file my_file-v2.pdb (PDB, C-alpha atoms and all ligand atoms)
ATOM      1  CA  MET A 352     -73.366 -81.656 -17.993  1.00  0.00           C
ATOM      2  CA  ALA A 353     -73.023 -80.885 -14.344  1.00  0.00           C
ATOM      3  CA  MET A 354     -75.657 -82.220 -11.987  1.00  0.00           C
ATOM      4  CA  PRO A 355     -77.282 -79.415 -10.039  1.00  0.00           C
ATOM      5  CA  ARG A 356     -76.115 -81.049  -6.827  1.00  0.00           C
ATOM      6  CA  LYS A 357     -77.468 -78.356  -4.607  1.00  0.00           C
ATOM      7  CA  TYR A 358     -80.967 -79.485  -5.572  1.00  0.00           C
ATOM      8  CA  MET A 359     -80.374 -83.233  -5.289  1.00  0.00           C
ATOM      9  CA  THR A 360     -83.247 -84.941  -3.533  1.00  0.00           C
ATOM     10  CA  SER A 361     -83.155 -88.027  -1.384  1.00  0.00           C
ATOM     11  CA  ILE A 362     -85.277 -89.984  -3.846  1.00  0.00           C
ATOM     12  CA  ALA A 363     -84.177 -93.623  -4.004  1.00  0.00           C
ATOM     13  CA  HIS A 364     -82.199 -94.923  -6.990  1.00  0.00           C
ATOM     14  CA  SER A 365     -85.185 -96.866  -8.216  1.00  0.00           C
ATOM     15  CA  GLY A 366     -85.376 -95.779 -11.872  1.00  0.00           C
ATOM     16  CA  ASN A 367     -84.694 -98.313 -14.595  1.00  0.00           C
ATOM     17  CA  HIS A 368     -82.355 -96.117 -16.559  1.00  0.00           C
ATOM     18  CA  SER A 369     -78.930 -94.652 -16.065  1.00  0.00           C
ATOM     19  CA  PRO A 370     -77.983 -91.148 -17.227  1.00  0.00           C
ATOM     20  CA  MET A 371     -75.809 -92.678 -19.964  1.00  0.00           C
ATOM     21  CA  GLU A 372     -78.807 -93.958 -21.907  1.00  0.00           C
ATOM     22  CA  ASN A 373     -79.306 -93.141 -25.532  1.00  0.00           C
ATOM     23  CA  ILE A 374     -81.364 -89.945 -25.816  1.00  0.00           C
ATOM     24  CA  THR A 375     -81.899 -87.761 -28.870  1.00  0.00           C
ATOM     25  CA  LEU A 376     -83.794 -84.499 -28.806  1.00  0.00           C
ATOM     26  CA  TYR A 377     -85.184 -83.194 -32.080  1.00  0.00           C
ATOM     27  CA  ASN A 378     -85.495 -79.496 -31.433  1.00  0.00           C
ATOM     28  CA  TYR A 379     -84.868 -75.948 -32.587  1.00  0.00           C
ATOM     29  CA  PHE A 380     -82.828 -73.308 -30.801  1.00  0.00           C
ATOM     30  CA  ARG A 381     -85.560 -70.693 -30.709  1.00  0.00           C
ATOM     31  CA  SER A 382     -88.527 -72.896 -29.948  1.00  0.00           C
ATOM     32  CA  SER A 383     -89.831 -72.367 -26.429  1.00  0.00           C
ATOM     33  CA  THR A 384     -91.161 -75.912 -26.174  1.00  0.00           C
ATOM     34  CA  SER A 385     -87.702 -77.219 -27.134  1.00  0.00           C
ATOM     35  CA  TYR A 386     -86.161 -74.904 -24.552  1.00  0.00           C
ATOM     36  CA  ARG A 387     -88.369 -76.554 -21.891  1.00  0.00           C
ATOM     37  CA  ALA A 388     -87.102 -80.002 -22.824  1.00  0.00           C
ATOM     38  CA  ARG A 389     -83.466 -78.847 -22.804  1.00  0.00           C
ATOM     39  CA  ILE A 390     -83.820 -77.311 -19.331  1.00  0.00           C
ATOM     40  CA  ALA A 391     -85.432 -80.506 -18.028  1.00  0.00           C
ATOM     41  CA  LEU A 392     -82.662 -82.684 -19.502  1.00  0.00           C
ATOM     42  CA  ASN A 393     -80.025 -80.405 -17.977  1.00  0.00           C
ATOM     43  CA  LEU A 394     -81.652 -80.316 -14.541  1.00  0.00           C
ATOM     44  CA  LYS A 395     -81.785 -84.093 -14.638  1.00  0.00           C
ATOM     45  CA  ASN A 396     -78.162 -84.222 -15.803  1.00  0.00           C
ATOM     46  CA  LEU A 397     -78.998 -86.339 -18.840  1.00  0.00           C
ATOM     47  CA  ASN A 398     -76.750 -86.259 -21.890  1.00  0.00           C
ATOM     48  CA  TYR A 399     -78.469 -86.127 -25.237  1.00  0.00           C
ATOM     49  CA  ASP A 400     -77.817 -85.824 -28.951  1.00  0.00           C
ATOM     50  CA  TYR A 401     -79.064 -82.541 -30.350  1.00  0.00           C
ATOM     51  CA  LYS A 402     -80.812 -82.905 -33.709  1.00  0.00           C
ATOM     52  CA  SER A 403     -81.839 -79.602 -35.197  1.00  0.00           C
ATOM     53  CA  ILE A 404     -85.196 -79.270 -36.952  1.00  0.00           C
ATOM     54  CA  HIS A 405     -85.223 -75.891 -38.656  1.00  0.00           C
ATOM     55  CA  LEU A 406     -88.727 -74.443 -38.344  1.00  0.00           C
ATOM     56  CA  LEU A 407     -88.364 -72.008 -41.249  1.00  0.00           C
ATOM     57  CA  ASN A 408     -86.030 -73.548 -43.846  1.00  0.00           C
ATOM     58  CA  ASN A 409     -87.567 -75.472 -46.754  1.00  0.00           C
ATOM     59  CA  GLY A 410     -91.114 -74.709 -45.650  1.00  0.00           C
ATOM     60  CA  GLY A 411     -90.230 -75.883 -42.168  1.00  0.00           C
ATOM     61  CA  GLU A 412     -88.424 -79.171 -41.577  1.00  0.00           C
ATOM     62  CA  GLN A 413     -91.089 -80.017 -38.974  1.00  0.00           C
ATOM     63  CA  ASN A 414     -93.524 -80.450 -41.867  1.00  0.00           C
ATOM     64  CA  SER A 415     -91.499 -83.063 -43.749  1.00  0.00           C
ATOM     65  CA  GLU A 416     -93.083 -86.469 -44.183  1.00  0.00           C
ATOM     66  CA  GLU A 417     -90.121 -88.075 -42.458  1.00  0.00           C
ATOM     67  CA  TYR A 418     -90.325 -85.882 -39.352  1.00  0.00           C
ATOM     68  CA  ARG A 419     -94.101 -86.245 -39.112  1.00  0.00           C
ATOM     69  CA  LYS A 420     -93.589 -89.980 -38.698  1.00  0.00           C
ATOM     70  CA  LEU A 421     -91.928 -89.098 -35.396  1.00  0.00           C
ATOM     71  CA  ASN A 422     -94.201 -86.233 -34.466  1.00  0.00           C
ATOM     72  CA  PRO A 423     -97.672 -86.371 -36.045  1.00  0.00           C
ATOM     73  CA  MET A 424     -98.442 -82.750 -35.087  1.00  0.00           C
ATOM     74  CA  GLY A 425     -95.304 -81.513 -36.837  1.00  0.00           C
ATOM     75  CA  GLY A 426     -93.908 -79.702 -33.816  1.00  0.00           C
ATOM     76  CA  VAL A 427     -90.700 -79.687 -31.820  1.00  0.00           C
ATOM     77  CA  PRO A 428     -89.497 -81.137 -29.559  1.00  0.00           C
ATOM     78  CA  THR A 429     -89.503 -84.884 -30.076  1.00  0.00           C
ATOM     79  CA  LEU A 430     -87.574 -87.119 -27.727  1.00  0.00           C
ATOM     80  CA  VAL A 431     -86.176 -90.453 -28.824  1.00  0.00           C
ATOM     81  CA  HIS A 432     -85.039 -92.701 -26.008  1.00  0.00           C
ATOM     82  CA  GLY A 433     -83.823 -96.064 -27.242  1.00  0.00           C
ATOM     83  CA  ASN A 434     -86.719 -97.348 -29.353  1.00  0.00           C
ATOM     84  CA  HIS A 435     -89.251 -94.998 -27.825  1.00  0.00           C
ATOM     85  CA  VAL A 436     -90.421 -91.833 -29.554  1.00  0.00           C
ATOM     86  CA  ILE A 437     -92.252 -89.230 -27.475  1.00  0.00           C
ATOM     87  CA  ALA A 438     -93.784 -86.004 -28.710  1.00  0.00           C
ATOM     88  CA  GLN A 439     -95.294 -83.122 -26.704  1.00  0.00           C
ATOM     89  CA  SER A 440     -92.976 -81.329 -24.294  1.00  0.00           C
ATOM     90  CA  SER A 441     -95.214 -81.994 -21.259  1.00  0.00           C
ATOM     91  CA  ALA A 442     -95.206 -85.715 -21.965  1.00  0.00           C
ATOM     92  CA  ILE A 443     -91.448 -85.650 -22.586  1.00  0.00           C
ATOM     93  CA  ILE A 444     -90.703 -83.853 -19.337  1.00  0.00           C
ATOM     94  CA  GLU A 445     -92.943 -86.096 -17.244  1.00  0.00           C
ATOM     95  CA  TYR A 446     -91.512 -89.178 -18.963  1.00  0.00           C
ATOM     96  CA  LEU A 447     -87.962 -88.099 -18.160  1.00  0.00           C
ATOM     97  CA  ASP A 448     -88.924 -87.506 -14.552  1.00  0.00           C
ATOM     98  CA  GLU A 449     -90.528 -90.937 -14.236  1.00  0.00           C
ATOM     99  CA  ALA A 450     -87.964 -92.899 -16.257  1.00  0.00           C
ATOM    100  CA  PHE A 451     -85.004 -91.363 -14.439  1.00  0.00           C
ATOM    101  CA  LEU A 452     -86.151 -91.463 -10.852  1.00  0.00           C
ATOM    102  CA  GLN A 453     -82.594 -91.528  -9.615  1.00  0.00           C
ATOM    103  CA  SER A 454     -81.860 -88.024 -10.811  1.00  0.00           C
ATOM    104  CA  TYR A 455     -83.208 -84.650  -9.785  1.00  0.00           C
ATOM    105  CA  GLN A 456     -87.009 -84.648  -9.577  1.00  0.00           C
ATOM    106  CA  LEU A 457     -89.005 -81.954 -11.376  1.00  0.00           C
ATOM    107  CA  LEU A 458     -92.289 -82.921  -9.734  1.00  0.00           C
ATOM    108  CA  PRO A 459     -92.479 -83.490  -5.991  1.00  0.00           C
ATOM    109  CA  LYS A 460     -94.040 -86.597  -4.446  1.00  0.00           C
ATOM    110  CA  ASP A 461     -96.888 -84.773  -2.765  1.00  0.00           C
ATOM    111  CA  ALA A 462    -100.010 -85.193  -4.960  1.00  0.00           C
ATOM    112  CA  ILE A 463    -101.487 -81.759  -4.363  1.00  0.00           C
ATOM    113  CA  THR A 464     -98.267 -79.846  -5.066  1.00  0.00           C
ATOM    114  CA  ARG A 465     -97.770 -81.963  -8.214  1.00  0.00           C
ATOM    115  CA  ALA A 466    -101.280 -81.019  -9.307  1.00  0.00           C
ATOM    116  CA  HIS A 467    -100.623 -77.318  -8.722  1.00  0.00           C
ATOM    117  CA  ILE A 468     -97.335 -77.460 -10.623  1.00  0.00           C
ATOM    118  CA  ARG A 469     -99.074 -79.219 -13.537  1.00  0.00           C
ATOM    119  CA  GLU A 470    -101.820 -76.588 -13.410  1.00  0.00           C
ATOM    120  CA  PHE A 471     -99.158 -73.882 -13.729  1.00  0.00           C
ATOM    121  CA  CYS A 472     -97.420 -75.718 -16.596  1.00  0.00           C
ATOM    122  CA  GLN A 473    -100.657 -76.134 -18.528  1.00  0.00           C
ATOM    123  CA  ILE A 474    -101.508 -72.441 -18.267  1.00  0.00           C
ATOM    124  CA  ILE A 475     -98.334 -71.908 -20.263  1.00  0.00           C
ATOM    125  CA  ASN A 476     -98.488 -74.999 -22.462  1.00  0.00           C
ATOM    126  CA  ALA A 477    -102.158 -75.128 -23.414  1.00  0.00           C
ATOM    127  CA  ASP A 478    -103.578 -71.702 -22.652  1.00  0.00           C
ATOM    128  CA  THR A 479    -100.713 -69.458 -23.775  1.00  0.00           C
ATOM    129  CA  HIS A 480     -98.172 -71.099 -26.097  1.00  0.00           C
ATOM    130  CA  ALA A 481    -100.669 -72.528 -28.593  1.00  0.00           C
ATOM    131  CA  TYR A 482    -102.044 -69.073 -29.452  1.00  0.00           C
ATOM    132  CA  GLY A 483     -98.624 -67.725 -30.399  1.00  0.00           C
ATOM    133  CA  ASN A 484     -97.321 -70.757 -32.236  1.00  0.00           C
ATOM    134  CA  LEU A 485     -95.831 -70.293 -35.698  1.00  0.00           C
ATOM    135  CA  LYS A 486     -98.620 -72.270 -37.386  1.00  0.00           C
ATOM    136  CA  THR A 487    -101.328 -70.356 -35.510  1.00  0.00           C
ATOM    137  CA  LEU A 488     -99.956 -66.999 -36.640  1.00  0.00           C
ATOM    138  CA  ALA A 489     -99.420 -68.332 -40.181  1.00  0.00           C
ATOM    139  CA  TYR A 490    -103.073 -69.420 -40.255  1.00  0.00           C
ATOM    140  CA  LEU A 491    -104.228 -65.952 -39.195  1.00  0.00           C
ATOM    141  CA  THR A 492    -102.217 -64.438 -42.049  1.00  0.00           C
ATOM    142  CA  LYS A 493    -103.275 -66.964 -44.661  1.00  0.00           C
ATOM    143  CA  ASN A 494    -106.983 -67.196 -43.876  1.00  0.00           C
ATOM    144  CA  PHE A 495    -107.798 -63.834 -42.319  1.00  0.00           C
ATOM    145  CA  ALA A 496    -105.161 -61.619 -43.951  1.00  0.00           C
ATOM    146  CA  ALA A 497    -104.018 -60.574 -40.474  1.00  0.00           C
ATOM    147  CA  LYS A 498    -101.411 -57.821 -40.537  1.00  0.00           C
ATOM    148  CA  ASP A 499     -98.296 -57.782 -38.352  1.00  0.00           C
ATOM    149  CA  ASP A 500     -99.776 -55.284 -35.881  1.00  0.00           C
ATOM    150  CA  GLN A 501    -102.919 -57.392 -35.556  1.00  0.00           C
ATOM    151  CA  LYS A 502    -100.900 -60.531 -34.912  1.00  0.00           C
ATOM    152  CA  SER A 503     -98.827 -58.630 -32.399  1.00  0.00           C
ATOM    153  CA  ALA A 504    -102.016 -57.480 -30.574  1.00  0.00           C
ATOM    154  CA  TRP A 505    -103.289 -61.078 -30.604  1.00  0.00           C
ATOM    155  CA  LEU A 506    -100.001 -62.384 -29.197  1.00  0.00           C
ATOM    156  CA  ASN A 507     -99.876 -59.695 -26.531  1.00  0.00           C
ATOM    157  CA  TYR A 508    -103.419 -60.427 -25.417  1.00  0.00           C
ATOM    158  CA  TRP A 509    -102.892 -64.177 -24.968  1.00  0.00           C
ATOM    159  CA  MET A 510     -99.489 -63.773 -23.358  1.00  0.00           C
ATOM    160  CA  HIS A 511    -100.863 -61.370 -20.763  1.00  0.00           C
ATOM    161  CA  GLU A 512    -103.783 -63.713 -20.125  1.00  0.00           C
ATOM    162  CA  GLY A 513    -101.356 -66.522 -19.344  1.00  0.00           C
ATOM    163  CA  LEU A 514     -98.616 -64.582 -17.595  1.00  0.00           C
ATOM    164  CA  SER A 515    -101.018 -62.663 -15.350  1.00  0.00           C
ATOM    165  CA  ALA A 516    -102.527 -65.982 -14.224  1.00  0.00           C
ATOM    166  CA  CYS A 517     -99.014 -67.283 -13.538  1.00  0.00           C
ATOM    167  CA  GLU A 518     -98.215 -64.149 -11.534  1.00  0.00           C
ATOM    168  CA  LYS A 519    -101.318 -64.648  -9.354  1.00  0.00           C
ATOM    169  CA  ILE A 520    -100.192 -68.184  -8.564  1.00  0.00           C
ATOM    170  CA  LEU A 521     -96.598 -67.097  -7.914  1.00  0.00           C
ATOM    171  CA  GLU A 522     -97.781 -64.479  -5.410  1.00  0.00           C
ATOM    172  CA  LYS A 523     -98.754 -67.422  -3.225  1.00  0.00           C
ATOM    173  CA  THR A 524     -96.300 -70.170  -4.121  1.00  0.00           C
ATOM    174  CA  SER A 525     -92.996 -68.620  -5.111  1.00  0.00           C
ATOM    175  CA  LYS A 526     -89.907 -68.323  -3.016  1.00  0.00           C
ATOM    176  CA  LYS A 527     -86.593 -68.445  -4.855  1.00  0.00           C
ATOM    177  CA  PHE A 528     -88.318 -70.459  -7.594  1.00  0.00           C
ATOM    178  CA  CYS A 529     -91.936 -70.907  -8.677  1.00  0.00           C
ATOM    179  CA  PHE A 530     -92.790 -73.456  -6.006  1.00  0.00           C
ATOM    180  CA  GLY A 531     -90.325 -73.057  -3.165  1.00  0.00           C
ATOM    181  CA  ASP A 532     -86.571 -72.884  -3.032  1.00  0.00           C
ATOM    182  CA  THR A 533     -85.668 -75.427  -5.718  1.00  0.00           C
ATOM    183  CA  PRO A 534     -86.610 -75.530  -9.410  1.00  0.00           C
ATOM    184  CA  THR A 535     -89.556 -77.664 -10.494  1.00  0.00           C
ATOM    185  CA  ALA A 536     -91.346 -78.286 -13.788  1.00  0.00           C
ATOM    186  CA  ALA A 537     -93.064 -74.924 -13.251  1.00  0.00           C
ATOM    187  CA  ASP A 538     -89.745 -73.101 -13.686  1.00  0.00           C
ATOM    188  CA  VAL A 539     -88.956 -75.279 -16.705  1.00  0.00           C
ATOM    189  CA  PHE A 540     -92.121 -73.953 -18.386  1.00  0.00           C
ATOM    190  CA  LEU A 541     -91.920 -70.395 -17.073  1.00  0.00           C
ATOM    191  CA  VAL A 542     -88.477 -69.391 -18.350  1.00  0.00           C
ATOM    192  CA  PRO A 543     -89.077 -70.141 -22.066  1.00  0.00           C
ATOM    193  CA  ALA A 544     -92.486 -68.445 -21.899  1.00  0.00           C
ATOM    194  CA  VAL A 545     -91.030 -65.253 -20.440  1.00  0.00           C
ATOM    195  CA  THR A 546     -88.083 -65.356 -22.857  1.00  0.00           C
ATOM    196  CA  THR A 547     -90.536 -65.490 -25.769  1.00  0.00           C
ATOM    197  CA  ALA A 548     -92.687 -62.744 -24.272  1.00  0.00           C
ATOM    198  CA  ILE A 549     -89.661 -60.461 -23.946  1.00  0.00           C
ATOM    199  CA  ARG A 550     -88.686 -61.231 -27.546  1.00  0.00           C
ATOM    200  CA  PHE A 551     -92.106 -60.057 -28.681  1.00  0.00           C
ATOM    201  CA  GLU A 552     -91.861 -56.936 -26.511  1.00  0.00           C
ATOM    202  CA  VAL A 553     -94.586 -57.965 -24.101  1.00  0.00           C
ATOM    203  CA  ASP A 554     -94.270 -55.981 -20.880  1.00  0.00           C
ATOM    204  CA  THR A 555     -93.299 -58.671 -18.360  1.00  0.00           C
ATOM    205  CA  LYS A 556     -91.761 -56.287 -15.807  1.00  0.00           C
ATOM    206  CA  LYS A 557     -95.127 -55.574 -14.246  1.00  0.00           C
ATOM    207  CA  TYR A 558     -95.248 -59.171 -13.068  1.00  0.00           C
ATOM    208  CA  GLN A 559     -92.903 -58.826 -10.128  1.00  0.00           C
ATOM    209  CA  ASN A 560     -92.795 -62.393  -8.834  1.00  0.00           C
ATOM    210  CA  LEU A 561     -92.514 -63.801 -12.319  1.00  0.00           C
ATOM    211  CA  THR A 562     -89.620 -61.453 -13.141  1.00  0.00           C
ATOM    212  CA  ARG A 563     -87.819 -62.253  -9.890  1.00  0.00           C
ATOM    213  CA  VAL A 564     -88.079 -66.029 -10.452  1.00  0.00           C
ATOM    214  CA  PHE A 565     -87.101 -65.639 -14.123  1.00  0.00           C
ATOM    215  CA  ASP A 566     -83.942 -63.727 -13.148  1.00  0.00           C
ATOM    216  CA  GLN A 567     -83.098 -66.321 -10.516  1.00  0.00           C
ATOM    217  CA  CYS A 568     -83.511 -69.235 -12.944  1.00  0.00           C
ATOM    218  CA  ASN A 569     -81.289 -67.524 -15.486  1.00  0.00           C
ATOM    219  CA  GLN A 570     -78.409 -67.656 -13.025  1.00  0.00           C
ATOM    220  CA  GLU A 571     -78.622 -71.436 -12.856  1.00  0.00           C
ATOM    221  CA  GLU A 572     -76.359 -73.523 -15.077  1.00  0.00           C
ATOM    222  CA  ALA A 573     -79.110 -75.886 -16.253  1.00  0.00           C
ATOM    223  CA  PHE A 574     -81.138 -72.941 -17.506  1.00  0.00           C
ATOM    224  CA  MET A 575     -78.181 -71.036 -18.942  1.00  0.00           C
ATOM    225  CA  LYS A 576     -76.997 -74.002 -21.017  1.00  0.00           C
ATOM    226  CA  ALA A 577     -80.474 -74.461 -22.464  1.00  0.00           C
ATOM    227  CA  HIS A 578     -80.792 -70.829 -23.609  1.00  0.00           C
ATOM    228  CA  PRO A 579     -81.765 -70.410 -27.282  1.00  0.00           C
ATOM    229  CA  PHE A 580     -78.625 -68.393 -28.002  1.00  0.00           C
ATOM    230  CA  ARG A 581     -76.276 -71.141 -26.761  1.00  0.00           C
ATOM    231  CA  GLN A 582     -77.333 -74.010 -29.028  1.00  0.00           C
ATOM    232  CA  ILE A 583     -75.535 -75.697 -31.929  1.00  0.00           C
ATOM    233  CA  ASP A 584     -78.093 -74.392 -34.422  1.00  0.00           C
ATOM    234  CA  THR A 585     -78.077 -70.821 -33.070  1.00  0.00           C
ATOM    235  CA  PRO A 586     -77.099 -68.521 -35.958  1.00  0.00           C
ATOM    236  CA  ALA A 587     -73.673 -66.941 -35.461  1.00  0.00           C
ATOM    237  CA  ASP A 588     -75.073 -63.409 -35.118  1.00  0.00           C
ATOM    238  CA  LEU A 589     -77.226 -64.470 -32.149  1.00  0.00           C
ATOM    239  CA  LYS A 590     -74.738 -66.701 -30.359  1.00  0.00           C
ATOM    240  CA  ILE A 591     -73.654 -65.753 -26.852  1.00  0.00           C
TER     241      ILE A 591
HETATM  242  N1  LIG B 601     -97.755 -78.651 -27.433  1.00  0.00           N
HETATM  243  C1  LIG B 601     -96.570 -78.945 -28.173  1.00  0.00           C
HETATM  244  C2  LIG B 601     -96.271 -77.816 -29.118  1.00  0.00           C
HETATM  245  C3  LIG B 601     -95.107 -78.101 -30.047  1.00  0.00           C
HETATM  246  C4  LIG B 601     -94.922 -76.979 -31.036  1.00  0.00           C
HETATM  247  O1  LIG B 601     -95.812 -76.693 -31.813  1.00  0.00           O
HETATM  248  N2  LIG B 601     -93.745 -76.327 -30.984  1.00  0.00           N
HETATM  249  C5  LIG B 601     -93.504 -75.224 -31.892  1.00  0.00           C
HETATM  250  C6  LIG B 601     -92.220 -74.515 -31.579  1.00  0.00           C
HETATM  251  S1  LIG B 601     -92.225 -73.688 -30.041  1.00  0.00           S
HETATM  252  C7  LIG B 601     -93.407 -75.739 -33.301  1.00  0.00           C
HETATM  253  O2  LIG B 601     -92.796 -76.760 -33.549  1.00  0.00           O
HETATM  254  N3  LIG B 601     -94.019 -75.023 -34.227  1.00  0.00           N
HETATM  255  C8  LIG B 601     -93.955 -75.380 -35.601  1.00  0.00           C
HETATM  256  C9  LIG B 601     -95.069 -74.761 -36.401  1.00  0.00           C
HETATM  257  O3  LIG B 601     -95.880 -74.023 -35.825  1.00  0.00           O
HETATM  258  O4  LIG B 601     -95.091 -75.033 -37.593  1.00  0.00           O
HETATM  259  C10 LIG B 601     -95.422 -79.231 -27.206  1.00  0.00           C
HETATM  260  O5  LIG B 601     -95.476 -78.759 -26.081  1.00  0.00           O
HETATM  261  O6  LIG B 601     -94.479 -79.953 -27.569  1.00  0.00           O
END
call {"tool": "encode", "arguments": {"input": "my_file-v2.pdb", "output": "structure tokens"}}
result
Amino acid sequence: MAMPRKYMTSIAHSGNHSPMENITLYNYFRSSTSYRARIALNLKNLNYDYKSIHLLNNGGEQNSEEYRKLNPMGGVPTLVHGNHVIAQSSAIIEYLDEAFLQSYQLLPKDAITRAHIREFCQIINADTHAYGNLKTLAYLTKNFAAKDDQKSAWLNYWMHEGLSACEKILEKTSKKFCFGDTPTAADVFLVPAVTTAIRFEVDTKKYQNLTRVFDQCNQEEAFMKAHPFRQIDTPADLKI
């Protein structure tokens, strides 16, 4: 994978790991949390083995006893680096940034900008994604007999809550990307969230800064390669 050289920082080669280290990503083409991890790996120019966990087949491979040993919450992605197993996309992305200091940095050094980028990421991770997760929607169906249009209204509501908050932040912080002229972890979280919103026919066009940054990111190789429709487990009829 090509290093996004135009964004290379001057950070010292002080990490303990080289980009050739043994990394496996358990993930699923369509999962937005997996998509985050793939973008981060690409931006950092790290090679990895792609292990597909199909979220629908056989009651969901994420629910198997074997997979839950790796990921107790039964979600994707899970990163395996050598002997280390890390679940939760936020933890994975921050781990990669800290373990591979020599490659492109997703969080800047400045403490306050880091905090604001993490704030942005958590709006998407904690306050938006969790409400639309497969298991959340399945629970609404199973326990409250929610119909498709009700689940769609639910999803729309929480996505707009999150995306409108993101837009307010981007009004102040965005340039080419969410926080300035180079991609950060904020862009890594934003693109999968907007991709999912579009898939569920949420009107994202009204968020002008968000749409502009989304379009910009999608022209970047690291983001393009991570797209759900370009993965090894993408069904043939969706592949681009
Ligand atoms: N907060 C977790 C969420 C992981 C997660 O639940 N991912 C979804 C896919 S986007 C999943 O695996 N869902 C499986 C299910 O709901 O059964 C993370 O960021 O890694």
call {"tool": "closest_residue", "arguments": {"input": "my_file-v2.pdb", "among": "A:Asn393, A:Thr585, A:Thr384, A:Thr533", "to": "ligand LIG 601 (chain B)", "atoms": "all atoms listed in the file"}}
result
A:Thr384
call {"tool": "resolve_selection", "arguments": {"input": "my_file-v2.pdb", "expression": "the PyMOL selection byres (((chain A and resi 405) around 12) and not hetatm)", "output": "PyMOL selection string"}}
result
chain A and resi 377-382+385+402-404+406-415+418+425-428+583-586
call {"tool": "write_last_selection", "arguments": {"input": "my_file-v2.pdb", "atoms": "C-alpha atoms", "output": "PDB file, keeping the file's coordinate frame"}}
result
ATOM      1  CA  TYR A 377     -85.184 -83.194 -32.080  1.00  0.00           C
ATOM      2  CA  ASN A 378     -85.495 -79.496 -31.433  1.00  0.00           C
ATOM      3  CA  TYR A 379     -84.868 -75.948 -32.587  1.00  0.00           C
ATOM      4  CA  PHE A 380     -82.828 -73.308 -30.801  1.00  0.00           C
ATOM      5  CA  ARG A 381     -85.560 -70.693 -30.709  1.00  0.00           C
ATOM      6  CA  SER A 382     -88.527 -72.896 -29.948  1.00  0.00           C
ATOM      7  CA  SER A 385     -87.702 -77.219 -27.134  1.00  0.00           C
ATOM      8  CA  LYS A 402     -80.812 -82.905 -33.709  1.00  0.00           C
ATOM      9  CA  SER A 403     -81.839 -79.602 -35.197  1.00  0.00           C
ATOM     10  CA  ILE A 404     -85.196 -79.270 -36.952  1.00  0.00           C
ATOM     11  CA  LEU A 406     -88.727 -74.443 -38.344  1.00  0.00           C
ATOM     12  CA  LEU A 407     -88.364 -72.008 -41.249  1.00  0.00           C
ATOM     13  CA  ASN A 408     -86.030 -73.548 -43.846  1.00  0.00           C
ATOM     14  CA  ASN A 409     -87.567 -75.472 -46.754  1.00  0.00           C
ATOM     15  CA  GLY A 410     -91.114 -74.709 -45.650  1.00  0.00           C
ATOM     16  CA  GLY A 411     -90.230 -75.883 -42.168  1.00  0.00           C
ATOM     17  CA  GLU A 412     -88.424 -79.171 -41.577  1.00  0.00           C
ATOM     18  CA  GLN A 413     -91.089 -80.017 -38.974  1.00  0.00           C
ATOM     19  CA  ASN A 414     -93.524 -80.450 -41.867  1.00  0.00           C
ATOM     20  CA  SER A 415     -91.499 -83.063 -43.749  1.00  0.00           C
ATOM     21  CA  TYR A 418     -90.325 -85.882 -39.352  1.00  0.00           C
ATOM     22  CA  GLY A 425     -95.304 -81.513 -36.837  1.00  0.00           C
ATOM     23  CA  GLY A 426     -93.908 -79.702 -33.816  1.00  0.00           C
ATOM     24  CA  VAL A 427     -90.700 -79.687 -31.820  1.00  0.00           C
ATOM     25  CA  PRO A 428     -89.497 -81.137 -29.559  1.00  0.00           C
ATOM     26  CA  ILE A 583     -75.535 -75.697 -31.929  1.00  0.00           C
ATOM     27  CA  ASP A 584     -78.093 -74.392 -34.422  1.00  0.00           C
ATOM     28  CA  THR A 585     -78.077 -70.821 -33.070  1.00  0.00           C
ATOM     29  CA  PRO A 586     -77.099 -68.521 -35.958  1.00  0.00           C
TER      30      PRO A 586
END
call {"tool": "resolve_selection", "arguments": {"input": "my_file-v2.pdb", "expression": "the PyMOL selection byres (((chain A and resi 569) around 12) and not hetatm)", "output": "ChimeraX atom specification"}}
result
/A:390,527-528,534,538-539,541-543,545-546,562-568,570-578
call {"tool": "resolve_selection", "arguments": {"input": "my_file-v2.pdb", "expression": "the PyMOL selection byres (((chain A and resi 433-441) around 9) and not hetatm)", "output": "list in words"}}
result
Glu372, Asn373, Ile374, Thr375, Thr384, Ser385, Arg387, Ala388, Leu421, Asn422, Pro423, Met424, Gly426, Val427, Pro428, Thr429, Leu430, Val431, His432, Ala442, Ile443, Ile444, Glu445, Tyr446, Cys472, Gln473 and Asn476 of chain A
call {"tool": "axis_aligned_box", "arguments": {"input": "my_file-v2.pdb", "around": "ligand LIG 601 (chain B)", "padding_each_side": "6 Å", "output": "JSON"}}
result
{"center_x": -95.0, "center_y": -76.8, "center_z": -31.8, "size_x": 17.5, "size_y": 18.3, "size_z": 23.5}
call {"tool": "closest_residue", "arguments": {"input": "my_file-v2.pdb", "among": "A:Lys395, A:Lys486, A:Arg389, A:His467", "to": "ligand LIG 601 (chain B)", "atoms": "all atoms listed in the file"}}
result
A:Lys486
call {"tool": "closest_residue", "arguments": {"input": "my_file-v2.pdb", "among": "A:Asn396, A:Ala477, A:Tyr401, A:Gln453", "to": "ligand LIG 601 (chain B)", "atoms": "all atoms listed in the file"}}
result
A:Ala477
call {"tool": "residues_around", "arguments": {"input": "my_file-v2.pdb", "residues": "Leu488 in chain A", "least_positions_apart": "2", "cutoff": "12 Å", "atoms": "only C-alpha atoms", "output": "NGL selection string"}}
result
:A and (480-486 or 490-506)
call {"tool": "atom_distance", "arguments": {"input": "my_file-v2.pdb", "atom1": "CA of Tyr558 in chain A", "atom2": "CA of Tyr508 in chain A"}}
result
14.9 Å
call {"tool": "atom_distance", "arguments": {"input": "my_file-v2.pdb", "atom1": "CA of Asp478 in chain A", "atom2": "atom O1 of ligand LIG 601 (chain B)"}}
result
13.0 Å
call {"tool": "closest_residue", "arguments": {"input": "my_file-v2.pdb", "among": "A:Phe540, A:Phe580, A:Phe551, A:Tyr399", "to": "ligand LIG 601 (chain B)", "atoms": "all atoms listed in the file"}}
result
A:Phe540
